[in-house]
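Chemist: This is the structure I have questions about; it appears just below.
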Amino acid sequence: MKFGKRLKQQIQETLPGWGDKFLSYKELKKLVKLISSYAPQMMSGSLEYGKAEAEFVYLLNNEIDKFNAFFMEQEEDFIIRHKELQQRIGRVIDTWGPNGSQPSETDCKEELAKIRKDIVDFHGEMVLLINYSNINYTGLAKILKKYDKRTGGLLRSPYIQKVLQQPFFTTDLISKLVKECESTIDSVFPPPCDVERGLVLGSGVAGEGIFRITVAALLTMQEIRKGSSTYGRFSLPPLNLPDQTDVIQSQSLQLNSPIAIP
């Protein structure tokens with residue numbers, strides 16, 4: 001699948017309010033085509049070529065500003081939500097756990113079940129933000145490659161160096177929160193012995209809501225980061241995932257695992 005179609009599919013399947021935060025790839029492609037029509041005149045210092053190139057760089061800068069603003073807003077929200085989820089677990093255990101102020105196995109399990117669903121949704125949203133970073137970086141690299149190829153320019157290398165320093169590209173903190181989230185799921189909600197329940201979700205069947213979107217995002221990340229004949233120094237490193245069935249089963253078990261009361 002060509003990148004433009006893949007990006008369009010991601011935009012259509014993403015969370016509400018995220019769609020207009022992705023790269024304006026189609027518009028940038030049109031501008032590259034316009035600039036390339038002036039390429040033969042480049043050496044003569046064409047005014048039209050200079051204006052078109054300046055507009056291209058201006059649009060690229062606006063796209064990066066858009067990515068950064070959205071990414072940092074989501075990152076800040078995730079930090080707060082992660083802390084709140086940890087506090088909710090602590091309050092439930094302190095209140096209804098075996099050594100709590102009002103011990104109740106039923107109440108404890110019910111409240112932890114609610115938190116479990118919120119944690120799984122939260123985990124999915126963070127995966128989507130990492131995918132957001134990956135697919136927008138990939139789009140920038142591809143559009144800059146088109147620009148250099150069609151115009152004979154040398155914009156890609158210096159511009160990508162700028163991109164690598166941008167907040168939206170730096171996903172270390174989100175990746176850390178994802179791992180902490182997974183550790184919480186493993187410790188508070190261990191996998192069930194009855195794995196034959198497999199693909200059944202607590203609120204329906206596999207493929208609904210954020211679950212479906214998250215699985216699609218994981219597979220997209222794997223696709224855009226896999227090694228290929230076009231893999232180069234501006235490409236993201238390959239992402240190795242289990243096959244789709246394993247991914248679905250893993251996510252499903254997180255939703256269906258029994259509650260362990262510490």
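Chain labels follow the order of the structure tokens: the first chain is A, the next B, and so on; residue numbering restarts at 1 in every chain, and ligands are counted from 1 in their shown order.
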What are the closest atom pairs, with distances in Å to one decimal, for all residues of segment 125-165 of chain A lying within 10 Å of segment 65-88 of chain A? Consider only C-alpha atoms, order rows by chain and residue number, and present the result as CSV.
Modeler:
```
residue,atom,partner,partner_atom,distance
A:Glu125,CA,A:Phe78,CA,8.9
A:Met126,CA,A:Phe78,CA,7.6
A:Leu129,CA,A:Phe71,CA,7.4
A:Ile130,CA,A:Phe71,CA,9.3
A:Tyr132,CA,A:Phe71,CA,8.5
A:Ser133,CA,A:Phe71,CA,8.0
A:Asn136,CA,A:Phe67,CA,8.0
A:Tyr137,CA,A:Phe67,CA,9.7
```
Chemist: Of the candidates A:Ile174, A:Ile160, A:Leu34, A:Val120, which shows the shortest atom-to-atom distance to Gly50 of chain A, using only C-alpha atoms?
Modeler: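 Once distances to Gly50 of chain A are computed over only C-alpha atoms, the minimum belongs to A:Leu34.
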Chemist: Could you work out how far atom CA of Ile89 of chain A lies from atom CA of Cys108 of chain A, giving the answer in Å with one decimal?
Modeler: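 The value is 9.6 Å.
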Chemist: Excluding Glu111 of chain A and any residue of its chain fewer than 4 positions from it, enumerate the residues within 10 Å of it, using only C-alpha atoms, and give them as an mmCIF file with N, CA and C atoms, in the first residue's frame.
Modeler:
```
data_model
loop_
_atom_site.group_PDB
_atom_site.id
_atom_site.type_symbol
_atom_site.label_atom_id
_atom_site.label_comp_id
_atom_site.auth_asym_id
_atom_site.auth_seq_id
_atom_site.Cartn_x
_atom_site.Cartn_y
_atom_site.Cartn_z
ATOM 1 N N ARG A 88 -5.870 5.726 41.838
ATOM 2 C CA ARG A 88 -7.154 5.015 41.951
ATOM 3 C C ARG A 88 -6.941 3.588 42.432
ATOM 4 N N ILE A 89 -5.935 2.917 41.899
ATOM 5 C CA ILE A 89 -5.645 1.549 42.338
ATOM 6 C C ILE A 89 -5.293 1.546 43.823
ATOM 7 N N VAL A 92 -8.436 2.055 46.011
ATOM 8 C CA VAL A 92 -9.295 0.867 46.065
ATOM 9 C C VAL A 92 -8.706 -0.172 47.015
ATOM 10 N N ILE A 93 -7.416 -0.408 46.899
ATOM 11 C CA ILE A 93 -6.772 -1.408 47.753
ATOM 12 C C ILE A 93 -6.773 -0.967 49.215
ATOM 13 N N TRP A 96 -10.847 -1.277 50.116
ATOM 14 C CA TRP A 96 -11.539 -2.567 50.069
ATOM 15 C C TRP A 96 -10.615 -3.778 50.023
ATOM 16 N N THR A 106 -15.715 -8.310 47.006
ATOM 17 C CA THR A 106 -16.631 -7.976 45.912
ATOM 18 C C THR A 106 -16.433 -6.542 45.436
ATOM 19 N N ASP A 107 -16.436 -5.610 46.380
ATOM 20 C CA ASP A 107 -16.263 -4.200 46.006
ATOM 21 C C ASP A 107 -14.896 -3.965 45.386
ATOM 22 N N ILE A 115 -11.161 0.004 36.677
ATOM 23 C CA ILE A 115 -9.841 0.590 36.435
ATOM 24 C C ILE A 115 -9.120 -0.167 35.332
ATOM 25 N N ARG A 116 -9.288 -1.493 35.311
ATOM 26 C CA ARG A 116 -8.638 -2.304 34.285
ATOM 27 C C ARG A 116 -9.037 -1.837 32.892
ATOM 28 N N ILE A 259 -9.180 -10.407 38.324
ATOM 29 C CA ILE A 259 -8.631 -9.396 39.225
ATOM 30 C C ILE A 259 -7.862 -10.065 40.342
#
```
Chemist: My list of candidates is A:Ala113, A:His123, A:Gln9, A:Lys29. Which is closest to Lys146 of chain A when distances are computed with only C-alpha atoms?
Modeler: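 Smallest distance to Lys146 of chain A is found for A:Lys29.
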